[in-house]
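> Just so it is clear, I am handing over run.cif, which has mmCIF, N, CA and C atoms.
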data_coords
#
loop_
_atom_site.label_atom_id
_atom_site.label_comp_id
_atom_site.auth_asym_id
_atom_site.auth_seq_id
_atom_site.Cartn_x
_atom_site.Cartn_y
_atom_site.Cartn_z
N MET A 1 -4.48 -57.71 35.67
CA MET A 1 -4.86 -56.33 35.50
C MET A 1 -4.16 -55.51 36.59
N SER A 2 -3.55 -54.40 36.21
CA SER A 2 -2.86 -53.56 37.20
C SER A 2 -3.82 -52.54 37.80
N GLN A 3 -3.48 -52.10 39.00
CA GLN A 3 -4.29 -51.10 39.68
C GLN A 3 -3.83 -49.71 39.28
N LYS A 4 -4.77 -48.75 39.27
CA LYS A 4 -4.41 -47.37 39.03
C LYS A 4 -3.70 -46.83 40.25
N ARG A 5 -2.66 -46.04 40.03
CA ARG A 5 -1.96 -45.41 41.15
C ARG A 5 -2.70 -44.13 41.52
N SER A 6 -2.91 -43.95 42.79
CA SER A 6 -3.58 -42.74 43.24
C SER A 6 -2.56 -41.61 43.37
N ILE A 7 -3.05 -40.40 43.22
CA ILE A 7 -2.21 -39.22 43.39
C ILE A 7 -2.32 -38.82 44.85
N PRO A 8 -1.22 -38.80 45.59
CA PRO A 8 -1.30 -38.49 47.02
C PRO A 8 -1.73 -37.04 47.26
N ASP A 9 -2.39 -36.83 48.38
CA ASP A 9 -2.80 -35.48 48.76
C ASP A 9 -1.60 -34.69 49.25
N ARG A 10 -1.59 -33.42 48.94
CA ARG A 10 -0.49 -32.56 49.35
C ARG A 10 -0.68 -32.10 50.80
N LEU A 11 -1.93 -31.90 51.19
CA LEU A 11 -2.25 -31.40 52.54
C LEU A 11 -3.28 -32.29 53.21
N SER A 12 -3.37 -32.15 54.52
CA SER A 12 -4.41 -32.82 55.29
C SER A 12 -5.14 -31.76 56.11
N ALA A 13 -6.46 -31.91 56.21
CA ALA A 13 -7.26 -30.98 57.01
C ALA A 13 -7.20 -31.34 58.49
N GLY A 14 -6.46 -32.38 58.83
CA GLY A 14 -6.32 -32.76 60.24
C GLY A 14 -7.29 -33.86 60.63
N THR A 15 -7.35 -34.13 61.92
CA THR A 15 -8.23 -35.18 62.41
C THR A 15 -9.68 -34.70 62.41
N SER A 16 -10.58 -35.64 62.29
CA SER A 16 -12.00 -35.32 62.21
C SER A 16 -12.70 -35.60 63.53
N ARG A 17 -13.55 -34.67 63.92
CA ARG A 17 -14.40 -34.91 65.09
C ARG A 17 -15.72 -35.54 64.67
N VAL A 18 -16.08 -35.34 63.40
CA VAL A 18 -17.33 -35.89 62.86
C VAL A 18 -17.18 -37.38 62.56
N VAL A 19 -16.06 -37.74 61.93
CA VAL A 19 -15.79 -39.13 61.56
C VAL A 19 -14.40 -39.49 62.10
N PRO A 20 -14.28 -39.71 63.42
CA PRO A 20 -12.97 -39.96 64.01
C PRO A 20 -12.34 -41.27 63.55
N TYR A 21 -11.02 -41.25 63.48
CA TYR A 21 -10.26 -42.45 63.11
C TYR A 21 -10.40 -43.50 64.20
N GLN A 22 -10.61 -44.74 63.78
CA GLN A 22 -10.70 -45.85 64.73
C GLN A 22 -9.60 -46.84 64.41
N ARG A 23 -8.64 -46.94 65.30
CA ARG A 23 -7.49 -47.82 65.10
C ARG A 23 -7.96 -49.26 64.85
N GLY A 24 -7.37 -49.89 63.85
CA GLY A 24 -7.68 -51.27 63.54
C GLY A 24 -8.90 -51.46 62.65
N GLU A 25 -9.60 -50.40 62.32
CA GLU A 25 -10.80 -50.49 61.48
C GLU A 25 -10.39 -50.79 60.03
N ASP A 26 -11.05 -51.72 59.40
CA ASP A 26 -10.81 -52.04 58.00
C ASP A 26 -11.12 -50.81 57.14
N PHE A 27 -10.31 -50.57 56.12
CA PHE A 27 -10.49 -49.37 55.31
C PHE A 27 -11.86 -49.35 54.63
N ARG A 28 -12.39 -50.51 54.26
CA ARG A 28 -13.72 -50.54 53.62
C ARG A 28 -14.80 -50.09 54.58
N THR A 29 -14.69 -50.50 55.84
CA THR A 29 -15.65 -50.08 56.87
C THR A 29 -15.51 -48.58 57.12
N ARG A 30 -14.27 -48.10 57.19
CA ARG A 30 -14.02 -46.67 57.41
C ARG A 30 -14.59 -45.84 56.26
N HIS A 31 -14.37 -46.27 55.02
CA HIS A 31 -14.89 -45.54 53.87
C HIS A 31 -16.42 -45.51 53.87
N ALA A 32 -17.04 -46.64 54.22
CA ALA A 32 -18.51 -46.69 54.28
C ALA A 32 -19.04 -45.78 55.38
N ARG A 33 -18.33 -45.74 56.50
CA ARG A 33 -18.75 -44.88 57.62
C ARG A 33 -18.64 -43.40 57.23
N ARG A 34 -17.53 -43.04 56.56
CA ARG A 34 -17.37 -41.66 56.09
C ARG A 34 -18.49 -41.27 55.14
N LEU A 35 -18.79 -42.16 54.20
CA LEU A 35 -19.82 -41.88 53.21
C LEU A 35 -21.17 -41.67 53.89
N SER A 36 -21.54 -42.58 54.76
CA SER A 36 -22.83 -42.52 55.43
C SER A 36 -22.98 -41.26 56.28
N LEU A 37 -22.00 -40.96 57.12
CA LEU A 37 -22.10 -39.80 58.00
C LEU A 37 -22.10 -38.48 57.23
N ASN A 38 -21.36 -38.41 56.15
CA ASN A 38 -21.36 -37.19 55.36
C ASN A 38 -22.64 -37.03 54.55
N LEU A 39 -23.19 -38.13 54.03
CA LEU A 39 -24.46 -38.05 53.29
C LEU A 39 -25.61 -37.58 54.18
N GLU A 40 -25.53 -37.89 55.47
CA GLU A 40 -26.55 -37.43 56.41
C GLU A 40 -26.59 -35.90 56.48
N GLN A 41 -25.51 -35.25 56.09
CA GLN A 41 -25.41 -33.79 56.17
C GLN A 41 -25.67 -33.09 54.83
N GLU A 42 -26.18 -33.83 53.85
CA GLU A 42 -26.41 -33.26 52.52
C GLU A 42 -27.25 -31.99 52.57
N THR A 43 -28.32 -31.98 53.35
CA THR A 43 -29.19 -30.80 53.44
C THR A 43 -28.43 -29.60 53.96
N ASN A 44 -27.61 -29.78 54.98
CA ASN A 44 -26.82 -28.68 55.53
C ASN A 44 -25.78 -28.18 54.53
N VAL A 45 -25.16 -29.09 53.81
CA VAL A 45 -24.16 -28.69 52.80
C VAL A 45 -24.84 -27.94 51.67
N ARG A 46 -26.01 -28.41 51.24
CA ARG A 46 -26.75 -27.74 50.17
C ARG A 46 -27.13 -26.31 50.60
N ARG A 47 -27.56 -26.16 51.84
CA ARG A 47 -27.92 -24.84 52.37
C ARG A 47 -26.68 -23.93 52.39
N TRP A 48 -25.55 -24.46 52.85
CA TRP A 48 -24.29 -23.72 52.89
C TRP A 48 -23.93 -23.23 51.49
N CYS A 49 -24.07 -24.10 50.50
CA CYS A 49 -23.76 -23.74 49.12
C CYS A 49 -24.68 -22.63 48.61
N GLN A 50 -25.98 -22.78 48.86
CA GLN A 50 -26.94 -21.78 48.38
C GLN A 50 -26.66 -20.41 48.99
N GLN A 51 -26.26 -20.35 50.25
CA GLN A 51 -25.95 -19.09 50.90
C GLN A 51 -24.78 -18.38 50.25
N ARG A 52 -23.93 -19.12 49.54
CA ARG A 52 -22.73 -18.55 48.91
C ARG A 52 -22.83 -18.49 47.39
N GLY A 53 -24.01 -18.81 46.87
CA GLY A 53 -24.21 -18.78 45.42
C GLY A 53 -23.56 -19.94 44.69
N LEU A 54 -23.38 -21.05 45.40
CA LEU A 54 -22.76 -22.24 44.82
C LEU A 54 -23.81 -23.33 44.65
N THR A 55 -23.49 -24.30 43.81
CA THR A 55 -24.39 -25.42 43.56
C THR A 55 -23.70 -26.71 43.98
N LEU A 56 -24.44 -27.58 44.65
CA LEU A 56 -23.94 -28.89 45.05
C LEU A 56 -24.54 -29.95 44.14
N ARG A 57 -23.68 -30.78 43.58
CA ARG A 57 -24.12 -31.91 42.75
C ARG A 57 -23.49 -33.16 43.34
N ILE A 58 -24.32 -34.14 43.66
CA ILE A 58 -23.83 -35.40 44.23
C ILE A 58 -24.14 -36.52 43.24
N THR A 59 -23.09 -37.27 42.84
CA THR A 59 -23.26 -38.36 41.89
C THR A 59 -22.65 -39.64 42.44
N ASN A 60 -22.82 -40.70 41.67
CA ASN A 60 -22.23 -42.00 42.00
C ASN A 60 -22.66 -42.46 43.40
N GLU A 61 -23.94 -42.35 43.67
CA GLU A 61 -24.52 -42.78 44.95
C GLU A 61 -23.84 -42.14 46.15
N GLY A 62 -23.44 -40.88 45.99
CA GLY A 62 -22.86 -40.13 47.10
C GLY A 62 -21.35 -40.16 47.16
N HIS A 63 -20.72 -40.92 46.28
CA HIS A 63 -19.27 -41.05 46.31
C HIS A 63 -18.54 -39.84 45.73
N HIS A 64 -19.22 -39.01 44.95
CA HIS A 64 -18.57 -37.87 44.30
C HIS A 64 -19.44 -36.62 44.49
N TRP A 65 -18.86 -35.61 45.14
CA TRP A 65 -19.56 -34.35 45.37
C TRP A 65 -18.87 -33.26 44.57
N GLN A 66 -19.65 -32.43 43.89
CA GLN A 66 -19.10 -31.31 43.14
C GLN A 66 -19.78 -30.04 43.63
N ILE A 67 -18.96 -29.05 43.94
CA ILE A 67 -19.47 -27.74 44.37
C ILE A 67 -18.92 -26.74 43.37
N THR A 68 -19.85 -25.99 42.73
CA THR A 68 -19.44 -25.10 41.64
C THR A 68 -20.31 -23.86 41.57
N ASP A 69 -19.76 -22.85 40.89
CA ASP A 69 -20.55 -21.67 40.54
C ASP A 69 -20.51 -21.45 39.02
N GLY A 70 -20.00 -22.43 38.30
CA GLY A 70 -19.84 -22.32 36.86
C GLY A 70 -18.38 -22.14 36.46
N CYS A 71 -17.64 -21.36 37.25
CA CYS A 71 -16.20 -21.16 37.00
C CYS A 71 -15.38 -21.92 38.05
N PHE A 72 -15.72 -21.73 39.30
CA PHE A 72 -15.05 -22.41 40.41
C PHE A 72 -15.56 -23.85 40.49
N LEU A 73 -14.67 -24.81 40.74
CA LEU A 73 -15.08 -26.20 40.90
C LEU A 73 -14.27 -26.86 42.01
N ALA A 74 -14.99 -27.44 42.95
CA ALA A 74 -14.38 -28.26 44.00
C ALA A 74 -15.00 -29.64 43.90
N GLU A 75 -14.15 -30.67 43.90
CA GLU A 75 -14.63 -32.04 43.84
C GLU A 75 -14.15 -32.78 45.08
N TRP A 76 -15.06 -33.53 45.69
CA TRP A 76 -14.75 -34.23 46.93
C TRP A 76 -15.31 -35.64 46.87
N TRP A 77 -14.51 -36.58 47.29
CA TRP A 77 -14.89 -37.98 47.39
C TRP A 77 -14.88 -38.36 48.87
N PRO A 78 -16.03 -38.29 49.56
CA PRO A 78 -16.07 -38.56 51.00
C PRO A 78 -15.48 -39.90 51.43
N PRO A 79 -15.74 -41.01 50.71
CA PRO A 79 -15.19 -42.28 51.20
C PRO A 79 -13.66 -42.28 51.31
N THR A 80 -12.98 -41.66 50.35
CA THR A 80 -11.51 -41.64 50.37
C THR A 80 -10.95 -40.34 50.92
N ALA A 81 -11.82 -39.39 51.22
CA ALA A 81 -11.45 -38.10 51.82
C ALA A 81 -10.64 -37.21 50.86
N LYS A 82 -10.73 -37.43 49.57
CA LYS A 82 -9.96 -36.66 48.57
C LYS A 82 -10.76 -35.43 48.16
N LEU A 83 -10.14 -34.25 48.30
CA LEU A 83 -10.73 -32.99 47.85
C LEU A 83 -9.78 -32.34 46.86
N VAL A 84 -10.31 -31.98 45.70
CA VAL A 84 -9.51 -31.34 44.65
C VAL A 84 -10.21 -30.06 44.23
N ILE A 85 -9.46 -28.97 44.18
CA ILE A 85 -10.00 -27.68 43.75
C ILE A 85 -9.48 -27.38 42.35
N GLY A 86 -10.40 -27.09 41.43
CA GLY A 86 -10.01 -26.66 40.10
C GLY A 86 -9.21 -27.69 39.30
N LYS A 87 -9.50 -28.96 39.49
CA LYS A 87 -8.82 -30.04 38.74
C LYS A 87 -7.32 -30.10 38.98
N ARG A 88 -6.84 -29.48 40.06
CA ARG A 88 -5.40 -29.54 40.39
C ARG A 88 -5.15 -30.79 41.24
N TRP A 89 -5.04 -31.92 40.56
CA TRP A 89 -4.94 -33.22 41.22
C TRP A 89 -3.73 -33.33 42.13
N GLY A 90 -2.64 -32.69 41.79
CA GLY A 90 -1.44 -32.77 42.60
C GLY A 90 -1.51 -31.94 43.87
N ASP A 91 -2.53 -31.11 44.00
CA ASP A 91 -2.70 -30.25 45.18
C ASP A 91 -3.89 -30.68 46.03
N GLY A 92 -4.22 -31.97 46.01
CA GLY A 92 -5.36 -32.47 46.77
C GLY A 92 -5.22 -32.25 48.27
N VAL A 93 -6.36 -32.18 48.93
CA VAL A 93 -6.41 -32.01 50.39
C VAL A 93 -7.21 -33.18 50.96
N HIS A 94 -6.68 -33.80 52.00
CA HIS A 94 -7.33 -34.93 52.66
C HIS A 94 -8.34 -34.39 53.67
N CYS A 95 -9.63 -34.47 53.35
CA CYS A 95 -10.71 -33.97 54.22
C CYS A 95 -11.64 -35.12 54.56
N HIS A 96 -11.67 -35.48 55.84
CA HIS A 96 -12.45 -36.64 56.28
C HIS A 96 -13.95 -36.37 56.36
N ASP A 97 -14.34 -35.13 56.59
CA ASP A 97 -15.76 -34.85 56.78
C ASP A 97 -16.17 -33.55 56.09
N TYR A 98 -17.48 -33.35 56.03
CA TYR A 98 -18.02 -32.19 55.31
C TYR A 98 -17.57 -30.86 55.91
N LYS A 99 -17.38 -30.80 57.23
CA LYS A 99 -16.95 -29.55 57.85
C LYS A 99 -15.55 -29.17 57.38
N GLN A 100 -14.66 -30.15 57.35
CA GLN A 100 -13.30 -29.89 56.87
C GLN A 100 -13.32 -29.48 55.40
N ALA A 101 -14.09 -30.21 54.60
CA ALA A 101 -14.16 -29.92 53.17
C ALA A 101 -14.70 -28.51 52.91
N LEU A 102 -15.77 -28.14 53.61
CA LEU A 102 -16.37 -26.82 53.39
C LEU A 102 -15.43 -25.70 53.82
N LYS A 103 -14.66 -25.92 54.86
CA LYS A 103 -13.71 -24.90 55.30
C LYS A 103 -12.65 -24.67 54.23
N VAL A 104 -12.09 -25.74 53.67
CA VAL A 104 -11.08 -25.62 52.62
C VAL A 104 -11.69 -24.99 51.37
N ILE A 105 -12.91 -25.43 51.02
CA ILE A 105 -13.59 -24.88 49.84
C ILE A 105 -13.84 -23.39 50.01
N GLU A 106 -14.34 -22.99 51.17
CA GLU A 106 -14.62 -21.57 51.41
C GLU A 106 -13.34 -20.73 51.29
N ASN A 107 -12.26 -21.19 51.87
CA ASN A 107 -10.99 -20.46 51.78
C ASN A 107 -10.52 -20.35 50.34
N SER A 108 -10.64 -21.41 49.58
CA SER A 108 -10.24 -21.41 48.17
C SER A 108 -11.13 -20.51 47.35
N TYR A 109 -12.42 -20.54 47.61
CA TYR A 109 -13.39 -19.74 46.87
C TYR A 109 -13.18 -18.25 47.12
N LYS A 110 -12.87 -17.90 48.35
CA LYS A 110 -12.61 -16.48 48.69
C LYS A 110 -11.38 -15.96 47.97
N ARG A 111 -10.34 -16.82 47.84
CA ARG A 111 -9.09 -16.40 47.19
C ARG A 111 -9.26 -16.22 45.68
N GLN A 112 -10.29 -16.82 45.11
CA GLN A 112 -10.45 -16.78 43.67
C GLN A 112 -11.03 -15.45 43.20
#
In structure tokens, how does this file's structure come out?

Amino acid sequence: MSQKRSIPDRLSAGTSRVVPYQRGEDFRTRHARRLSLNLEQETNVRRWCQQRGLTLRITNEGHHWQITDGCFLAEWWPPTAKLVIGKRWGDGVHCHDYKQALKVIENSYKRQ
């Protein structure tokens, strides 16, 4: 069975202070750490969304986050740090933590 090829991110939000890179860490451990630390902030992210008239939907046991207002859609996968705005898969942004993701989402939402 062949593996699906991932679509590389076009941009990176930079290094994370919330979930810092640890040299030599296995990617599975890193992904689990990202997921756990970001899920701890669900209440803060939900509050941020409500203040802007957006809705947060978390599925797949926290692996997939959707922020929408019905027209605007941002999808984020915390374990792999993939953020996609408006289904534009080729324009993905690598966001390691919720702060980075919300900053990119807010900038995109304002431009819309």
> Mind giving me the straight-line distance from atom N of A:Arg57 to atom N of A:Phe27 in Å, one decimal?
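Computed distance, atom N of A:Arg57 to atom N of A:Phe27, equals 27.0 Å.
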> Just the number, please: distance in Å from atom CA of A:Tyr98 to atom CA of A:Val45, one decimal.
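Separation of atom CA of A:Tyr98 and atom CA of A:Val45: 7.5 Å.
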> Give the strand (DSSP E or B) residues of chain A, as assigned by DSSP on the backbone, as a PyMOL selection string.
chain A and resi 11-12+55-59+64-68+73-77+82-85+93-94
> For atom CA of A:Glu40 and atom CA of A:Gly92, determine how far apart the two atoms are, in Å to one decimal place.
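Distance reported for this atom pair: 23.8 Å.
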> Taking all atoms of stretch 41-59 of chain A that the file lists, what box with edges along x, y and z, padded by 4 Å per side, do you get, with centre and edge lengths in Å to one decimal, as JSON?

{"center_x": -25.9, "center_y": -29.0, "center_z": 49.0, "size_x": 14.5, "size_y": 29.3, "size_z": 22.3}
> From the list A:Gln50, A:Ser36, A:Asn44, A:Thr15, which residue is nearest A:Gly62 when using only N, CA and C atoms?
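Among the listed residues, the smallest separation from A:Gly62 belongs to A:Ser36.
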> If we count only C-alpha atoms and set the cut-off at 12 Å, which residues sit around A:Lys99, ignoring sequence neighbours fewer than 4 positions away in its own chain? Please answer as a tab-separated table (two decimals) with N, CA and C atoms, keeping the file's coordinate frame.

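Output (part24.tsv):
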chain	number	residue	atom	x	y	z
A	13	ALA	N	-6.46	-31.91	56.21
A	13	ALA	CA	-7.26	-30.98	57.01
A	13	ALA	C	-7.20	-31.34	58.49
A	14	GLY	N	-6.46	-32.38	58.83
A	14	GLY	CA	-6.32	-32.76	60.24
A	14	GLY	C	-7.29	-33.86	60.63
A	15	THR	N	-7.35	-34.13	61.92
A	15	THR	CA	-8.23	-35.18	62.41
A	15	THR	C	-9.68	-34.70	62.41
A	16	SER	N	-10.58	-35.64	62.29
A	16	SER	CA	-12.00	-35.32	62.21
A	16	SER	C	-12.70	-35.60	63.53
A	17	ARG	N	-13.55	-34.67	63.92
A	17	ARG	CA	-14.40	-34.91	65.09
A	17	ARG	C	-15.72	-35.54	64.67
A	18	VAL	N	-16.08	-35.34	63.40
A	18	VAL	CA	-17.33	-35.89	62.86
A	18	VAL	C	-17.18	-37.38	62.56
A	19	VAL	N	-16.06	-37.74	61.93
A	19	VAL	CA	-15.79	-39.13	61.56
A	19	VAL	C	-14.40	-39.49	62.10
A	37	LEU	N	-22.00	-40.96	57.12
A	37	LEU	CA	-22.10	-39.80	58.00
A	37	LEU	C	-22.10	-38.48	57.23
A	38	ASN	N	-21.36	-38.41	56.15
A	38	ASN	CA	-21.36	-37.19	55.36
A	38	ASN	C	-22.64	-37.03	54.55
A	41	GLN	N	-25.51	-35.25	56.09
A	41	GLN	CA	-25.41	-33.79	56.17
A	41	GLN	C	-25.67	-33.09	54.83
A	42	GLU	N	-26.18	-33.83	53.85
A	42	GLU	CA	-26.41	-33.26	52.52
A	42	GLU	C	-27.25	-31.99	52.57
A	44	ASN	N	-27.61	-29.78	54.98
A	44	ASN	CA	-26.82	-28.68	55.53
A	44	ASN	C	-25.78	-28.18	54.53
A	45	VAL	N	-25.16	-29.09	53.81
A	45	VAL	CA	-24.16	-28.69	52.80
A	45	VAL	C	-24.84	-27.94	51.67
A	48	TRP	N	-25.55	-24.46	52.85
A	48	TRP	CA	-24.29	-23.72	52.89
A	48	TRP	C	-23.93	-23.23	51.49
A	78	PRO	N	-16.03	-38.29	49.56
A	78	PRO	CA	-16.07	-38.56	51.00
A	78	PRO	C	-15.48	-39.90	51.43
A	81	ALA	N	-11.82	-39.39	51.22
A	81	ALA	CA	-11.45	-38.10	51.82
A	81	ALA	C	-10.64	-37.21	50.86
A	95	CYS	N	-9.63	-34.47	53.35
A	95	CYS	CA	-10.71	-33.97	54.22
A	95	CYS	C	-11.64	-35.12	54.56
A	103	LYS	N	-14.66	-25.92	54.86
A	103	LYS	CA	-13.71	-24.90	55.30
A	103	LYS	C	-12.65	-24.67	54.23
A	104	VAL	N	-12.09	-25.74	53.67
A	104	VAL	CA	-11.08	-25.62	52.62
A	104	VAL	C	-11.69	-24.99	51.37
A	105	ILE	N	-12.91	-25.43	51.02
A	105	ILE	CA	-13.59	-24.88	49.84
A	105	ILE	C	-13.84	-23.39	50.01
A	106	GLU	N	-14.34	-22.99	51.17
A	106	GLU	CA	-14.62	-21.57	51.41
A	106	GLU	C	-13.34	-20.73	51.29
> Go through the shown structure with the PyMOL selection byres ((chain A and resi 67) around 6.5) and write out the matching residues as a compact mmCIF listing (two decimals) with N, CA and C atoms, keeping the file's coordinate frame.

# COMPACT_ATOMS: atom_id res chain seq x y z
N LEU A 54 -23.38 -21.05 45.40
CA LEU A 54 -22.76 -22.24 44.82
C LEU A 54 -23.81 -23.33 44.65
N THR A 55 -23.49 -24.30 43.81
CA THR A 55 -24.39 -25.42 43.56
C THR A 55 -23.70 -26.71 43.98
N LEU A 56 -24.44 -27.58 44.65
CA LEU A 56 -23.94 -28.89 45.05
C LEU A 56 -24.54 -29.95 44.14
N ARG A 57 -23.68 -30.78 43.58
CA ARG A 57 -24.12 -31.91 42.75
C ARG A 57 -23.49 -33.16 43.34
N TRP A 65 -18.86 -35.61 45.14
CA TRP A 65 -19.56 -34.35 45.37
C TRP A 65 -18.87 -33.26 44.57
N GLN A 66 -19.65 -32.43 43.89
CA GLN A 66 -19.10 -31.31 43.14
C GLN A 66 -19.78 -30.04 43.63
N THR A 68 -19.85 -25.99 42.73
CA THR A 68 -19.44 -25.10 41.64
C THR A 68 -20.31 -23.86 41.57
N ASP A 69 -19.76 -22.85 40.89
CA ASP A 69 -20.55 -21.67 40.54
C ASP A 69 -20.51 -21.45 39.02
N PHE A 72 -15.72 -21.73 39.30
CA PHE A 72 -15.05 -22.41 40.41
C PHE A 72 -15.56 -23.85 40.49
N LEU A 73 -14.67 -24.81 40.74
CA LEU A 73 -15.08 -26.20 40.90
C LEU A 73 -14.27 -26.86 42.01
N ALA A 74 -14.99 -27.44 42.95
CA ALA A 74 -14.38 -28.26 44.00
C ALA A 74 -15.00 -29.64 43.90
N GLU A 75 -14.15 -30.67 43.90
CA GLU A 75 -14.63 -32.04 43.84
C GLU A 75 -14.15 -32.78 45.08
N TRP A 76 -15.06 -33.53 45.69
CA TRP A 76 -14.75 -34.23 46.93
C TRP A 76 -15.31 -35.64 46.87
> Where atoms are missing, can you supply all heavy atoms for stretch 21-28 of chain A and output the lot as a short mmCIF file (atom, residue, chain, number, x, y, z; two decimals), in the frame of the given file?

data_model
loop_
_atom_site.label_atom_id
_atom_site.label_comp_id
_atom_site.auth_asym_id
_atom_site.auth_seq_id
_atom_site.Cartn_x
_atom_site.Cartn_y
_atom_site.Cartn_z
N TYR A 21 -11.02 -41.25 63.48
CA TYR A 21 -10.26 -42.45 63.11
C TYR A 21 -10.40 -43.50 64.20
O TYR A 21 -10.35 -43.19 65.38
CB TYR A 21 -8.77 -42.08 62.94
CG TYR A 21 -7.89 -43.24 62.63
CD1 TYR A 21 -7.88 -43.81 61.36
CD2 TYR A 21 -7.07 -43.80 63.60
CE1 TYR A 21 -7.07 -44.88 61.07
CE2 TYR A 21 -6.25 -44.88 63.32
CZ TYR A 21 -6.25 -45.42 62.05
OH TYR A 21 -5.45 -46.49 61.76
N GLN A 22 -10.61 -44.74 63.78
CA GLN A 22 -10.70 -45.85 64.73
C GLN A 22 -9.60 -46.84 64.41
O GLN A 22 -9.63 -47.49 63.36
CB GLN A 22 -12.08 -46.51 64.64
CG GLN A 22 -13.19 -45.58 65.06
CD GLN A 22 -14.58 -46.19 64.88
OE1 GLN A 22 -14.73 -47.33 64.45
NE2 GLN A 22 -15.60 -45.43 65.22
N ARG A 23 -8.64 -46.94 65.30
CA ARG A 23 -7.49 -47.82 65.10
C ARG A 23 -7.96 -49.26 64.85
O ARG A 23 -8.86 -49.76 65.52
CB ARG A 23 -6.59 -47.78 66.31
CG ARG A 23 -5.29 -48.55 66.14
CD ARG A 23 -4.40 -48.48 67.37
NE ARG A 23 -4.09 -47.14 67.78
CZ ARG A 23 -3.09 -46.41 67.31
NH1 ARG A 23 -2.31 -46.91 66.37
NH2 ARG A 23 -2.86 -45.20 67.75
N GLY A 24 -7.37 -49.89 63.85
CA GLY A 24 -7.68 -51.27 63.54
C GLY A 24 -8.90 -51.46 62.65
O GLY A 24 -9.21 -52.59 62.27
N GLU A 25 -9.60 -50.40 62.32
CA GLU A 25 -10.80 -50.49 61.48
C GLU A 25 -10.39 -50.79 60.03
O GLU A 25 -9.48 -50.16 59.49
CB GLU A 25 -11.57 -49.17 61.55
CG GLU A 25 -12.83 -49.15 60.73
CD GLU A 25 -13.56 -47.83 60.84
OE1 GLU A 25 -12.90 -46.77 60.96
OE2 GLU A 25 -14.80 -47.84 60.81
N ASP A 26 -11.05 -51.72 59.40
CA ASP A 26 -10.81 -52.04 58.00
C ASP A 26 -11.12 -50.81 57.14
O ASP A 26 -12.10 -50.10 57.40
CB ASP A 26 -11.69 -53.22 57.59
CG ASP A 26 -11.47 -53.63 56.15
OD1 ASP A 26 -10.41 -54.20 55.85
OD2 ASP A 26 -12.37 -53.35 55.33
N PHE A 27 -10.31 -50.57 56.12
CA PHE A 27 -10.49 -49.37 55.31
C PHE A 27 -11.86 -49.35 54.63
O PHE A 27 -12.45 -48.28 54.45
CB PHE A 27 -9.36 -49.22 54.27
CG PHE A 27 -9.46 -50.14 53.09
CD1 PHE A 27 -10.11 -49.73 51.93
CD2 PHE A 27 -8.89 -51.39 53.12
CE1 PHE A 27 -10.19 -50.58 50.84
CE2 PHE A 27 -8.96 -52.24 52.04
CZ PHE A 27 -9.62 -51.83 50.88
N ARG A 28 -12.39 -50.51 54.26
CA ARG A 28 -13.72 -50.54 53.62
C ARG A 28 -14.80 -50.09 54.58
O ARG A 28 -15.71 -49.35 54.21
CB ARG A 28 -14.01 -51.94 53.08
CG ARG A 28 -13.13 -52.32 51.89
CD ARG A 28 -13.32 -53.78 51.54
NE ARG A 28 -12.69 -54.59 52.59
CZ ARG A 28 -11.69 -55.42 52.40
NH1 ARG A 28 -11.21 -55.59 51.19
NH2 ARG A 28 -11.18 -56.10 53.39
#
